[in-house]
file model36.cif (mmCIF, C-alpha atoms)
data_protein
loop_
_atom_site.group_PDB
_atom_site.id
_atom_site.type_symbol
_atom_site.label_atom_id
_atom_site.label_comp_id
_atom_site.auth_asym_id
_atom_site.auth_seq_id
_atom_site.Cartn_x
_atom_site.Cartn_y
_atom_site.Cartn_z
ATOM 1 C CA MET A 8 29.680 -30.740 37.421
ATOM 2 C CA ASN A 9 27.577 -27.886 38.815
ATOM 3 C CA ASN A 10 24.731 -27.145 36.366
ATOM 4 C CA THR A 11 23.098 -24.581 38.614
ATOM 5 C CA LYS A 12 22.217 -21.354 36.861
ATOM 6 C CA PHE A 13 22.497 -18.070 38.662
ATOM 7 C CA LYS A 14 20.909 -14.772 37.730
ATOM 8 C CA SER A 15 21.449 -11.231 38.875
ATOM 9 C CA GLY A 16 20.176 -10.696 42.416
ATOM 10 C CA ASP A 17 20.396 -14.349 43.509
ATOM 11 C CA LYS A 18 21.682 -14.985 47.004
ATOM 12 C CA VAL A 19 24.505 -17.561 47.013
ATOM 13 C CA VAL A 20 26.643 -19.209 49.669
ATOM 14 C CA PHE A 21 30.382 -19.736 49.239
ATOM 15 C CA CYS A 22 31.316 -23.434 49.434
ATOM 16 C CA LYS A 23 35.105 -23.453 48.925
ATOM 17 C CA SER A 24 37.935 -21.396 50.338
ATOM 18 C CA SER A 25 39.908 -21.031 47.095
ATOM 19 C CA LEU A 26 39.483 -20.915 43.297
ATOM 20 C CA GLU A 27 41.538 -22.345 40.491
ATOM 21 C CA SER A 28 41.958 -18.882 38.994
ATOM 22 C CA GLY A 29 42.713 -17.068 42.221
ATOM 23 C CA MET A 30 41.656 -16.475 45.809
ATOM 24 C CA ILE A 31 38.416 -15.050 47.179
ATOM 25 C CA ASP A 32 38.323 -13.054 50.360
ATOM 26 C CA ALA A 33 35.713 -15.221 52.058
ATOM 27 C CA LYS A 34 35.221 -18.272 54.195
ATOM 28 C CA GLU A 35 32.941 -21.218 53.682
ATOM 29 C CA GLY A 36 29.350 -20.342 54.474
ATOM 30 C CA ASP A 37 29.609 -16.622 53.632
ATOM 31 C CA VAL A 38 26.607 -15.290 51.718
ATOM 32 C CA PHE A 39 26.885 -13.066 48.617
ATOM 33 C CA THR A 40 24.617 -11.541 45.963
ATOM 34 C CA ILE A 41 25.110 -12.321 42.262
ATOM 35 C CA LYS A 42 25.817 -9.167 40.258
ATOM 36 C CA GLU A 43 26.108 -10.740 36.780
ATOM 37 C CA SER A 44 26.570 -14.167 35.159
ATOM 38 C CA TYR A 45 28.908 -14.567 32.172
ATOM 39 C CA GLY A 46 29.856 -17.100 29.509
ATOM 40 C CA PRO A 47 28.096 -20.191 28.123
ATOM 41 C CA GLY A 48 25.906 -21.637 30.818
ATOM 42 C CA SER A 49 26.824 -18.671 33.027
ATOM 43 C CA ARG A 50 29.926 -20.416 34.324
ATOM 44 C CA VAL A 51 31.470 -17.223 35.663
ATOM 45 C CA VAL A 52 29.813 -14.796 38.041
ATOM 46 C CA SER A 53 30.583 -11.461 39.639
ATOM 47 C CA LEU A 54 29.485 -10.472 43.115
ATOM 48 C CA LYS A 55 28.052 -7.205 44.405
ATOM 49 C CA GLU A 56 30.098 -7.438 47.583
ATOM 50 C CA LEU A 57 33.498 -8.253 45.979
ATOM 51 C CA SER A 58 35.381 -7.245 42.877
ATOM 52 C CA GLY A 59 36.571 -9.849 40.349
ATOM 53 C CA TYR A 60 35.085 -12.881 38.640
ATOM 54 C CA TYR A 61 34.542 -16.328 40.123
ATOM 55 C CA HIS A 62 33.620 -19.769 38.814
ATOM 56 C CA LYS A 63 30.052 -20.737 39.687
ATOM 57 C CA THR A 64 31.113 -24.194 40.939
ATOM 58 C CA HIS A 65 32.219 -22.554 44.164
ATOM 59 C CA PHE A 66 28.709 -21.320 45.017
ATOM 60 C CA GLU A 67 25.323 -22.733 45.795
ATOM 61 C CA HIS A 68 21.944 -21.081 46.079
ATOM 62 C CA TYR A 69 21.439 -19.709 49.560
ATOM 63 C CA VAL A 70 18.380 -21.180 51.237
ATOM 64 C CA GLU A 71 17.243 -19.074 54.135
ATOM 65 C CA LYS A 72 16.509 -21.208 57.155
ATOM 66 C CA GLU A 73 12.871 -21.328 57.994
ATOM 67 C CA LYS A 74 12.153 -19.388 61.104
ATOM 68 C CA VAL A 75 10.840 -21.715 63.739
ATOM 69 C CA MET A 76 8.091 -20.152 65.743
ATOM 70 C CA GLU A 77 8.760 -20.570 69.422
ATOM 71 C CA LYS A 78 5.904 -22.152 71.263
ATOM 72 C CA TYR A 79 4.205 -19.601 73.463
ATOM 73 C CA ILE A 80 2.916 -20.968 76.745
ATOM 74 C CA PRO A 81 0.547 -18.463 78.369
ATOM 75 C CA GLU A 82 1.205 -17.726 82.001
ATOM 76 C CA VAL A 83 -1.237 -16.307 84.482
ATOM 77 C CA GLY A 84 -0.703 -12.549 84.471
ATOM 78 C CA ASP A 85 0.449 -12.315 80.831
ATOM 79 C CA LYS A 86 -1.179 -9.762 78.593
ATOM 80 C CA ALA A 87 -2.790 -11.551 75.642
ATOM 81 C CA LYS A 88 -5.066 -10.670 72.740
ATOM 82 C CA GLY A 89 -8.202 -12.376 71.531
ATOM 83 C CA PHE A 90 -8.251 -14.253 68.227
ATOM 84 C CA LYS A 91 -10.584 -16.308 66.029
ATOM 85 C CA PHE A 92 -10.369 -20.079 65.869
ATOM 86 C CA ASP A 93 -12.429 -23.038 64.731
ATOM 87 C CA SER A 94 -14.916 -24.088 67.360
ATOM 88 C CA GLY A 95 -13.877 -27.398 68.907
ATOM 89 C CA THR A 96 -10.121 -26.792 68.695
ATOM 90 C CA ASP A 97 -8.576 -28.479 71.748
ATOM 91 C CA GLY A 98 -12.146 -29.021 72.916
ATOM 92 C CA VAL A 99 -12.759 -25.264 73.220
ATOM 93 C CA GLY A 100 -15.911 -23.782 71.739
ATOM 94 C CA TYR A 101 -16.054 -20.481 69.836
ATOM 95 C CA ASP A 102 -18.884 -18.023 70.416
ATOM 96 C CA THR A 103 -19.736 -15.362 67.838
ATOM 97 C CA GLU A 104 -19.567 -12.758 70.624
ATOM 98 C CA MET A 105 -15.844 -13.456 70.717
ATOM 99 C CA ASP A 106 -15.580 -11.658 67.359
ATOM 100 C CA ASP A 107 -15.754 -8.398 69.301
ATOM 101 C CA TYR A 108 -12.594 -9.344 71.190
ATOM 102 C CA VAL A 109 -10.341 -10.235 68.264
ATOM 103 C CA GLU A 110 -7.084 -8.263 68.736
ATOM 104 C CA GLU A 111 -8.479 -6.895 72.008
ATOM 105 C CA VAL A 112 -5.901 -7.023 74.822
ATOM 106 C CA GLY A 113 -6.681 -8.666 78.134
ATOM 107 C CA VAL A 114 -4.973 -10.554 80.976
ATOM 108 C CA VAL A 115 -4.524 -14.329 81.285
ATOM 109 C CA VAL A 116 -6.346 -15.307 84.487
ATOM 110 C CA ASP A 117 -6.436 -19.102 84.120
ATOM 111 C CA ALA A 118 -4.001 -21.446 82.386
ATOM 112 C CA TYR A 119 -4.549 -25.150 81.752
ATOM 113 C CA THR A 120 -2.791 -27.833 79.736
ATOM 114 C CA ASP A 121 -5.185 -27.520 76.783
ATOM 115 C CA SER A 122 -6.558 -24.007 77.158
ATOM 116 C CA PHE A 123 -6.257 -20.617 78.825
ATOM 117 C CA VAL A 124 -8.698 -17.907 79.874
ATOM 118 C CA VAL A 125 -8.318 -14.211 79.083
ATOM 119 C CA GLN A 126 -10.146 -11.510 81.025
ATOM 120 C CA PHE A 127 -10.807 -8.342 79.024
ATOM 121 C CA PRO A 128 -11.219 -4.754 80.281
ATOM 122 C CA ASP A 129 -15.033 -5.117 80.452
ATOM 123 C CA SER A 130 -14.453 -8.043 82.884
ATOM 124 C CA LEU A 131 -15.768 -10.640 80.406
ATOM 125 C CA GLU A 132 -13.673 -13.805 80.159
ATOM 126 C CA TRP A 133 -13.159 -16.046 77.123
ATOM 127 C CA MET A 134 -11.392 -19.376 76.824
ATOM 128 C CA TYR A 135 -8.897 -20.034 73.999
ATOM 129 C CA PRO A 136 -7.148 -23.242 72.801
ATOM 130 C CA ALA A 137 -3.553 -23.660 73.994
ATOM 131 C CA SER A 138 -2.389 -25.086 70.652
ATOM 132 C CA LEU A 139 -3.072 -21.680 69.031
ATOM 133 C CA SER A 140 -1.687 -19.621 71.896
ATOM 134 C CA HIS A 141 0.889 -17.985 69.593
ATOM 135 C CA LEU A 142 -2.013 -16.031 68.091
ATOM 136 C CA ALA A 143 -2.613 -14.451 71.494
ATOM 137 C CA LYS A 144 0.976 -13.463 72.111
ATOM 138 C CA ILE A 145 1.780 -9.787 72.293
ATOM 139 C CA GLU A 146 5.334 -9.291 71.063
ATOM 140 C CA GLU A 147 7.771 -7.810 73.567
ATOM 141 C CA SER A 148 5.049 -7.348 76.113
ATOM 142 C CA PRO A 149 6.393 -7.555 79.655
ATOM 143 C CA ARG A 150 4.646 -9.947 81.944
ATOM 144 C CA GLU A 151 2.800 -8.036 84.610
ATOM 145 C CA VAL A 152 -0.258 -8.205 86.779
ATOM 146 C CA SER A 153 -2.000 -4.969 87.656
ATOM 147 C CA HIS A 154 -4.604 -5.015 90.375
ATOM 148 C CA GLU A 155 -5.955 -1.717 89.108
ATOM 149 C CA ASP A 156 -6.334 -2.923 85.530
ATOM 150 C CA SER A 157 -7.522 -6.492 86.045
ATOM 151 C CA HIS A 158 -9.029 -6.381 89.539
ATOM 152 C CA ILE A 159 -6.999 -9.506 90.310
ATOM 153 C CA ASP A 160 -4.194 -10.059 92.787
ATOM 154 C CA TRP A 161 -1.978 -12.907 93.963
ATOM 155 C CA GLN A 162 -2.617 -12.148 97.647
ATOM 156 C CA GLY A 163 0.970 -10.915 97.877
ATOM 157 C CA SER A 164 2.503 -14.197 96.712
ATOM 158 C CA GLN A 165 5.879 -13.906 94.955
ATOM 159 C CA ILE A 166 5.803 -17.451 93.529
ATOM 160 C CA ASN A 167 5.644 -17.642 89.739
ATOM 161 C CA TRP A 168 3.345 -20.644 89.291
ATOM 162 C CA GLN A 169 3.063 -21.994 85.732
ATOM 163 C CA VAL A 170 1.225 -24.854 84.066
ATOM 164 C CA GLY A 171 3.570 -27.786 83.472
ATOM 165 C CA GLN A 172 5.948 -27.072 86.349
ATOM 166 C CA VAL A 173 7.312 -30.100 88.208
ATOM 167 C CA VAL A 174 6.645 -29.762 91.933
ATOM 168 C CA TRP A 175 7.021 -31.862 95.071
ATOM 169 C CA ASP A 176 4.756 -32.223 98.076
ATOM 170 C CA CYS A 177 6.173 -33.374 101.405
ATOM 171 C CA ALA A 178 3.578 -36.136 101.630
ATOM 172 C CA TYR A 179 2.439 -36.889 98.073
ATOM 173 C CA GLY A 180 5.758 -36.693 96.232
ATOM 174 C CA LYS A 181 6.283 -35.602 92.638
ATOM 175 C CA GLY A 182 3.540 -33.833 90.723
ATOM 176 C CA ILE A 183 2.735 -31.548 87.785
ATOM 177 C CA VAL A 184 0.952 -28.186 87.931
ATOM 178 C CA GLU A 185 -2.135 -28.755 85.787
ATOM 179 C CA SER A 186 -3.824 -25.374 86.138
ATOM 180 C CA VAL A 187 -3.267 -21.962 87.671
ATOM 181 C CA SER A 188 -6.141 -19.623 88.470
ATOM 182 C CA LEU A 189 -5.852 -15.988 89.466
ATOM 183 C CA ILE A 190 -9.590 -15.800 89.904
ATOM 184 C CA ASP A 191 -9.680 -18.515 92.555
ATOM 185 C CA ASP A 192 -6.094 -17.940 93.779
ATOM 186 C CA GLU A 193 -5.635 -21.649 93.233
ATOM 187 C CA ILE A 194 -3.032 -24.079 91.869
ATOM 188 C CA HIS A 195 -4.191 -27.564 90.853
ATOM 189 C CA VAL A 196 -1.524 -30.293 91.027
ATOM 190 C CA GLN A 197 -1.710 -33.852 89.696
ATOM 191 C CA PHE A 198 0.495 -36.370 91.527
ATOM 192 C CA GLU A 199 2.023 -39.570 90.177
ATOM 193 C CA ARG A 200 1.455 -41.471 93.393
ATOM 194 C CA PHE A 201 -1.997 -43.094 93.498
ATOM 195 C CA ASN A 202 -2.968 -40.913 90.509
ATOM 196 C CA THR A 203 -4.418 -38.275 92.823
ATOM 197 C CA SER A 204 -4.660 -34.480 92.678
ATOM 198 C CA PHE A 205 -5.033 -31.609 95.133
ATOM 199 C CA ASN A 206 -5.588 -27.857 95.158
ATOM 200 C CA TYR A 207 -3.180 -25.413 96.794
ATOM 201 C CA ASP A 208 -3.309 -21.717 97.447
ATOM 202 C CA VAL A 209 -0.805 -19.378 95.818
ATOM 203 C CA ASN A 210 1.634 -19.840 98.704
ATOM 204 C CA GLY A 211 1.929 -23.608 98.210
ATOM 205 C CA ILE A 212 -0.334 -24.506 101.134
ATOM 206 C CA ILE A 213 -2.761 -27.356 100.521
ATOM 207 C CA TYR A 214 -6.358 -26.392 101.220
ATOM 208 C CA GLY A 215 -7.137 -27.126 104.831
ATOM 209 C CA GLY A 216 -3.437 -27.082 105.743
ATOM 210 C CA GLY A 217 -1.532 -24.616 107.847
ATOM 211 C CA SER A 218 2.008 -24.651 106.437
ATOM 212 C CA ARG A 219 3.530 -24.768 102.979
ATOM 213 C CA THR A 220 4.143 -28.305 101.697
ATOM 214 C CA LEU A 221 4.533 -27.709 97.934
ATOM 215 C CA PHE A 222 8.030 -26.984 96.595
ATOM 216 C CA PHE A 223 10.038 -27.018 93.365
ATOM 217 C CA SER A 224 12.465 -29.736 94.454
ATOM 218 C CA GLU A 225 12.125 -32.878 96.527
ATOM 219 C CA PRO A 226 11.979 -31.848 100.202
ATOM 220 C CA LYS A 227 14.673 -33.279 102.458
ATOM 221 C CA ILE A 228 13.146 -33.843 105.869
ATOM 222 C CA ILE A 229 15.547 -34.220 108.766
ATOM 223 C CA ALA A 230 13.694 -35.306 111.876
ATOM 224 C CA GLU A 231 13.531 -37.997 114.522
ATOM 225 C CA THR A 232 11.392 -40.931 113.406
ATOM 226 C CA LYS A 233 10.991 -42.393 116.914
ATOM 227 C CA PRO A 234 10.110 -40.807 120.256
ATOM 228 C CA PRO A 235 13.141 -39.838 122.343
ATOM 229 C CA LYS A 236 14.242 -42.262 125.049
ATOM 230 C CA LYS A 237 13.819 -41.259 128.658
ATOM 231 C CA SER A 238 17.011 -40.445 130.502
ATOM 232 C CA PHE A 239 18.243 -43.416 132.513
ATOM 233 C CA VAL A 240 18.163 -42.927 136.278
ATOM 234 C CA PRO A 241 19.956 -45.707 138.243
ATOM 235 C CA THR A 242 18.200 -47.344 141.178
ATOM 236 C CA LEU A 243 21.340 -48.698 142.852
ATOM 237 C CA LYS A 244 24.007 -46.399 144.166
ATOM 238 C CA LYS A 245 27.707 -47.131 144.241
ATOM 239 C CA GLY A 246 28.604 -49.022 147.449
ATOM 240 C CA THR A 247 25.124 -50.506 147.974
ATOM 241 C CA ASP A 248 25.092 -54.061 149.345
ATOM 242 C CA VAL A 249 22.803 -56.244 147.252
ATOM 243 C CA LEU A 250 21.740 -59.874 147.002
ATOM 244 C CA ILE A 251 21.707 -60.941 143.340
ATOM 245 C CA LYS A 252 20.067 -64.158 142.157
ATOM 246 C CA SER A 253 21.152 -65.070 138.652
ATOM 247 C CA LYS A 254 18.956 -67.257 136.434
ATOM 248 C CA TYR A 255 21.962 -69.450 135.942
ATOM 249 C CA ALA A 256 22.999 -69.847 139.615
ATOM 250 C CA ALA A 257 21.490 -72.143 142.246
ATOM 251 C CA GLU A 258 21.884 -69.657 145.097
ATOM 252 C CA PRO A 259 21.947 -65.834 145.341
ATOM 253 C CA THR A 260 25.191 -64.024 146.040
ATOM 254 C CA VAL A 261 25.946 -60.910 148.049
ATOM 255 C CA TRP A 262 27.779 -58.169 146.186
ATOM 256 C CA VAL A 263 28.684 -54.513 146.479
ATOM 257 C CA VAL A 264 27.406 -52.352 143.601
ATOM 258 C CA ASP A 265 30.046 -50.456 141.682
ATOM 259 C CA LEU A 266 27.880 -49.039 138.863
ATOM 260 C CA GLU A 267 24.412 -49.510 137.414
ATOM 261 C CA THR A 268 23.772 -48.827 133.713
ATOM 262 C CA GLU A 269 20.680 -49.222 131.565
ATOM 263 C CA ASP A 270 21.319 -52.916 130.949
ATOM 264 C CA ARG A 271 23.979 -53.990 133.491
ATOM 265 C CA ILE A 272 24.985 -54.012 137.166
ATOM 266 C CA TYR A 273 28.714 -53.788 137.728
ATOM 267 C CA ILE A 274 30.011 -55.176 141.000
ATOM 268 C CA SER A 275 33.218 -54.397 142.842
ATOM 269 C CA ASN A 276 34.926 -57.604 141.857
ATOM 270 C CA GLY A 277 37.437 -56.868 139.140
ATOM 271 C CA GLY A 278 34.997 -55.374 136.676
ATOM 272 C CA ARG A 279 32.547 -58.247 136.817
ATOM 273 C CA TYR A 280 28.928 -57.465 135.886
ATOM 274 C CA TYR A 281 25.500 -58.994 135.532
ATOM 275 C CA MET A 282 23.270 -58.440 132.513
ATOM 276 C CA LYS A 283 19.886 -57.329 133.846
ATOM 277 C CA GLN A 284 18.109 -59.705 131.472
ATOM 278 C CA ASP A 285 19.943 -62.609 133.184
ATOM 279 C CA ILE A 286 18.982 -61.619 136.752
ATOM 280 C CA GLU A 287 16.079 -63.366 138.516
ATOM 281 C CA TYR A 288 15.967 -60.794 141.321
ATOM 282 C CA VAL A 289 18.013 -58.184 143.214
ATOM 283 C CA ARG A 290 17.498 -57.330 146.881
ATOM 284 C CA ILE A 291 19.069 -54.493 148.782
ATOM 285 C CA LEU A 292 20.435 -55.662 152.119
ATOM 286 C CA GLY A 293 19.210 -53.923 155.256
ATOM 287 C CA GLU A 294 21.101 -51.942 157.847
ATOM 288 C CA GLN A 295 24.036 -53.670 159.499
ATOM 289 C CA VAL A 296 23.461 -54.713 163.130
ATOM 290 C CA LYS A 297 26.225 -53.798 165.552
ATOM 291 C CA PHE A 298 26.413 -55.577 168.919
ATOM 292 C CA SER A 299 27.607 -53.763 172.005
#

call {"tool": "encode", "arguments": {"input": "model36.cif", "output": "structure tokens"}}
result
Amino acid sequence: MNNTKFKSGDKVVFCKSSLESGMIDAKEGDVFTIKESYGPGSRVVSLKELSGYYHKTHFEHYVEKEKVMEKYIPEVGDKAKGFKFDSGTDGVGYDTEMDDYVEEVGVVVDAYTDSFVVQFPDSLEWMYPASLSHLAKIEESPREVSHEDSHIDWQGSQINWQVGQVVWDCAYGKGIVESVSLIDDEIHVQFERFNTSFNYDVNGIIYGGGSRTLFFSEPKIIAETKPPKKSFVPTLKKGTDVLIKSKYAAEPTVWVVDLETEDRIYISNGGRYYMKQDIEYVRILGEQVKFS
């Protein structure tokens, strides 16, 4: 039995698609407002949205879902506002001078895992804890970087680097972007392999390097892993008379060369050949002597 009491103005949700005393033009989950409650224990109610009377057992109090605040992750170039926080939050200290920058709008110039740095119009920079970054968010503020306003530029790079991105280096493998700095035009990446880290410029080029090696997916390198072989040039020409001494024969034999390949000498004797690795020596016979 439903002992819930409703009063005028209560929000209720419809739980059944029909009533014993008639039908209601609604589907389960529809929300209504109580107009009046009637009878002992207020067993019958009327609704502001519909005409008629309905038994209260077909309704429950409507509980508005708590709005979940989306986590705001500051990105370099975002506009953000200053805010107060307890010194030591996320390891970030609070200076009383920061009071002057509460609600003041600046530009995010550095972003780390635990903190971010905002540069304000007077060029002063203050660090804020990442766990309270929602306090810095400016609603419906487009992300932009203005060289004129912030005196900062990405050196023409079109890559949207962000803290937490998974990246791959051609040599060091998979890594995570740990910090992004507009001031230094620098991306710091921590790699899983050997627990090492490196700095890159905004174009994905490791410092000291000449070409981009940092990407957003595992690079697929297609290249020769061994030096190319030299083209084979035969020493023996077709029709050359040679004396071949096999390792497995007692005496050398005279043959006429049919074809020489990289590892064999074919002779004009029904396709017979010698493997070069089995030959002790080969001698080319001299010019034939003709008697008059």

call {"tool": "atom_distance", "arguments": {"input": "model36.cif", "atom1": "CA of Val109 (chain A)", "atom2": "CA of Met134 (chain A)"}}
result
12.6 Å

call {"tool": "residues_near_point", "arguments": {"input": "model36.cif", "point": "(-17.5, -19.1, 66.5)", "cutoff": "10 Å", "atoms": "all atoms listed in the file", "output": "PyMOL selection string"}}
result
chain A and resi 91-95+100-106

call {"tool": "residues_around", "arguments": {"input": "model36.cif", "residues": "region 241-255 of chain A", "least_positions_apart": "4", "cutoff": "6 Å", "atoms": "all atoms listed in the file", "output": "ChimeraX atom specification"}}
result
/A:259-267,285-292

call {"tool": "write_last_selection", "arguments": {"input": "model36.cif", "atoms": "C-alpha atoms", "output": "compact mmCIF listing (two decimals), in the coordinates of the input"}}
result
# COMPACT_ATOMS: atom_id res chain seq x y z
CA PRO A 259 21.95 -65.83 145.34
CA THR A 260 25.19 -64.02 146.04
CA VAL A 261 25.95 -60.91 148.05
CA TRP A 262 27.78 -58.17 146.19
CA VAL A 263 28.68 -54.51 146.48
CA VAL A 264 27.41 -52.35 143.60
CA ASP A 265 30.05 -50.46 141.68
CA LEU A 266 27.88 -49.04 138.86
CA GLU A 267 24.41 -49.51 137.41
CA ASP A 285 19.94 -62.61 133.18
CA ILE A 286 18.98 -61.62 136.75
CA GLU A 287 16.08 -63.37 138.52
CA TYR A 288 15.97 -60.79 141.32
CA VAL A 289 18.01 -58.18 143.21
CA ARG A 290 17.50 -57.33 146.88
CA ILE A 291 19.07 -54.49 148.78
CA LEU A 292 20.43 -55.66 152.12

call {"tool": "closest_residue", "arguments": {"input": "model36.cif", "among": "A:Ile213, A:Thr203, A:Gly98, A:Glu269", "to": "Val240 (chain A)", "atoms": "only C-alpha atoms"}}
result
A:Glu269

call {"tool": "residues_around", "arguments": {"input": "model36.cif", "residues": "region 115-122 of chain A", "least_positions_apart": "6", "cutoff": "7 Å", "atoms": "all atoms listed in the file", "output": "list in words"}}
result
Pro81, Glu82, Val83, Gly84, Asp85, Lys86, Ala87, Asp97, Met134, Tyr135, Pro136, Ala137, Val170, Glu185, Ser186, Val187, Ser188, Leu189 and Ile190 of chain A

call {"tool": "write_last_selection", "arguments": {"input": "model36.cif", "atoms": "C-alpha atoms", "output": "PDB file, in the coordinates of the input"}}
result
ATOM      1  CA  PRO A  81       0.547 -18.463  78.369  1.00  0.00           C
ATOM      2  CA  GLU A  82       1.205 -17.726  82.001  1.00  0.00           C
ATOM      3  CA  VAL A  83      -1.237 -16.307  84.482  1.00  0.00           C
ATOM      4  CA  GLY A  84      -0.703 -12.549  84.471  1.00  0.00           C
ATOM      5  CA  ASP A  85       0.449 -12.315  80.831  1.00  0.00           C
ATOM      6  CA  LYS A  86      -1.179  -9.762  78.593  1.00  0.00           C
ATOM      7  CA  ALA A  87      -2.790 -11.551  75.642  1.00  0.00           C
ATOM      8  CA  ASP A  97      -8.576 -28.479  71.748  1.00  0.00           C
ATOM      9  CA  MET A 134     -11.392 -19.376  76.824  1.00  0.00           C
ATOM     10  CA  TYR A 135      -8.897 -20.034  73.999  1.00  0.00           C
ATOM     11  CA  PRO A 136      -7.148 -23.242  72.801  1.00  0.00           C
ATOM     12  CA  ALA A 137      -3.553 -23.660  73.994  1.00  0.00           C
ATOM     13  CA  VAL A 170       1.225 -24.854  84.066  1.00  0.00           C
ATOM     14  CA  GLU A 185      -2.135 -28.755  85.787  1.00  0.00           C
ATOM     15  CA  SER A 186      -3.824 -25.374  86.138  1.00  0.00           C
ATOM     16  CA  VAL A 187      -3.267 -21.962  87.671  1.00  0.00           C
ATOM     17  CA  SER A 188      -6.141 -19.623  88.470  1.00  0.00           C
ATOM     18  CA  LEU A 189      -5.852 -15.988  89.466  1.00  0.00           C
ATOM     19  CA  ILE A 190      -9.590 -15.800  89.904  1.00  0.00           C
TER      20      ILE A 190
END

call {"tool": "residues_near_point", "arguments": {"input": "model36.cif", "point": "(15.7, -14.4, 47.0)", "cutoff": "10 Å", "atoms": "all atoms listed in the file", "output": "ChimeraX atom specification"}}
result
/A:16-19,40,68-71

call {"tool": "axis_aligned_box", "arguments": {"input": "model36.cif", "around": "region 81-84 of chain A", "padding_each_side": "6 Å", "output": "JSON"}}
result
{"center_x": 0.0, "center_y": -15.5, "center_z": 81.4, "size_x": 14.4, "size_y": 17.9, "size_z": 18.1}

call {"tool": "resolve_selection", "arguments": {"input": "model36.cif", "expression": "the PyMOL selection byres ((chain A and resi 173) around 12)", "output": "short mmCIF file (atom, residue, chain, number, x, y, z; two decimals) with C-alpha atoms, in the coordinates of the input"}}
result
data_model
loop_
_atom_site.label_atom_id
_atom_site.label_comp_id
_atom_site.auth_asym_id
_atom_site.auth_seq_id
_atom_site.Cartn_x
_atom_site.Cartn_y
_atom_site.Cartn_z
CA TRP A 168 3.34 -20.64 89.29
CA GLN A 169 3.06 -21.99 85.73
CA VAL A 170 1.23 -24.85 84.07
CA GLY A 171 3.57 -27.79 83.47
CA GLN A 172 5.95 -27.07 86.35
CA VAL A 174 6.64 -29.76 91.93
CA TRP A 175 7.02 -31.86 95.07
CA ASP A 176 4.76 -32.22 98.08
CA GLY A 180 5.76 -36.69 96.23
CA LYS A 181 6.28 -35.60 92.64
CA GLY A 182 3.54 -33.83 90.72
CA ILE A 183 2.74 -31.55 87.78
CA VAL A 184 0.95 -28.19 87.93
CA GLU A 185 -2.13 -28.76 85.79
CA VAL A 196 -1.52 -30.29 91.03
CA GLN A 197 -1.71 -33.85 89.70
CA PHE A 198 0.50 -36.37 91.53
CA GLU A 199 2.02 -39.57 90.18
CA LEU A 221 4.53 -27.71 97.93
CA PHE A 222 8.03 -26.98 96.60
CA PHE A 223 10.04 -27.02 93.36
CA SER A 224 12.46 -29.74 94.45
CA GLU A 225 12.12 -32.88 96.53
#

call {"tool": "atom_distance", "arguments": {"input": "model36.cif", "atom1": "CA of Asn206 (chain A)", "atom2": "CA of Ala178 (chain A)"}}
result
13.9 Å

call {"tool": "atom_distance", "arguments": {"input": "model36.cif", "atom1": "CA of Ile145 (chain A)", "atom2": "CA of His195 (chain A)"}}
result
26.4 Å

call {"tool": "residues_around", "arguments": {"input": "model36.cif", "residues": "region 58-60 of chain A", "least_positions_apart": "6", "cutoff": "9 Å", "atoms": "only C-alpha atoms", "output": "number ranges by chain"}}
result
A: 31, 51-52

call {"tool": "resolve_selection", "arguments": {"input": "model36.cif", "expression": "the PyMOL selection byres ((chain A and resi 211) around 9)", "output": "PyMOL selection string"}}
result
chain A and resi 166+194+207-210+212-213+218-222

call {"tool": "closest_residue", "arguments": {"input": "model36.cif", "among": "A:Cys177, A:Val114, A:Leu54, A:Val99", "to": "Phe127 (chain A)", "atoms": "all atoms listed in the file"}}
result
A:Val114

call {"tool": "build_atoms", "arguments": {"input": "model36.cif", "residues": "region 85-93 of chain A", "atoms": "N, CA and C atoms", "output": "mmCIF file, in the coordinates of the input"}}
result
data_model
loop_
_atom_site.group_PDB
_atom_site.id
_atom_site.type_symbol
_atom_site.label_atom_id
_atom_site.label_comp_id
_atom_site.auth_asym_id
_atom_site.auth_seq_id
_atom_site.Cartn_x
_atom_site.Cartn_y
_atom_site.Cartn_z
ATOM 1 N N ASP A 85 0.007 -12.809 82.138
ATOM 2 C CA ASP A 85 0.449 -12.315 80.831
ATOM 3 C C ASP A 85 -0.643 -11.472 80.194
ATOM 4 N N LYS A 86 -0.237 -10.453 79.457
ATOM 5 C CA LYS A 86 -1.179 -9.762 78.593
ATOM 6 C C LYS A 86 -1.326 -10.585 77.319
ATOM 7 N N ALA A 87 -2.533 -10.739 76.829
ATOM 8 C CA ALA A 87 -2.790 -11.551 75.642
ATOM 9 C C ALA A 87 -3.942 -10.939 74.859
ATOM 10 N N LYS A 88 -4.003 -11.227 73.581
ATOM 11 C CA LYS A 88 -5.066 -10.670 72.740
ATOM 12 C C LYS A 88 -5.989 -11.779 72.257
ATOM 13 N N GLY A 89 -7.235 -11.416 72.019
ATOM 14 C CA GLY A 89 -8.202 -12.376 71.531
ATOM 15 C C GLY A 89 -7.973 -12.690 70.059
ATOM 16 N N PHE A 90 -8.418 -13.863 69.625
ATOM 17 C CA PHE A 90 -8.251 -14.253 68.227
ATOM 18 C C PHE A 90 -9.367 -15.221 67.842
ATOM 19 N N LYS A 91 -9.577 -15.392 66.541
ATOM 20 C CA LYS A 91 -10.584 -16.308 66.029
ATOM 21 C C LYS A 91 -9.983 -17.700 65.883
ATOM 22 N N PHE A 92 -10.819 -18.702 66.068
ATOM 23 C CA PHE A 92 -10.369 -20.079 65.869
ATOM 24 C C PHE A 92 -11.593 -20.938 65.570
ATOM 25 N N ASP A 93 -11.341 -22.120 65.038
ATOM 26 C CA ASP A 93 -12.429 -23.038 64.731
ATOM 27 C C ASP A 93 -12.982 -23.636 66.017
#
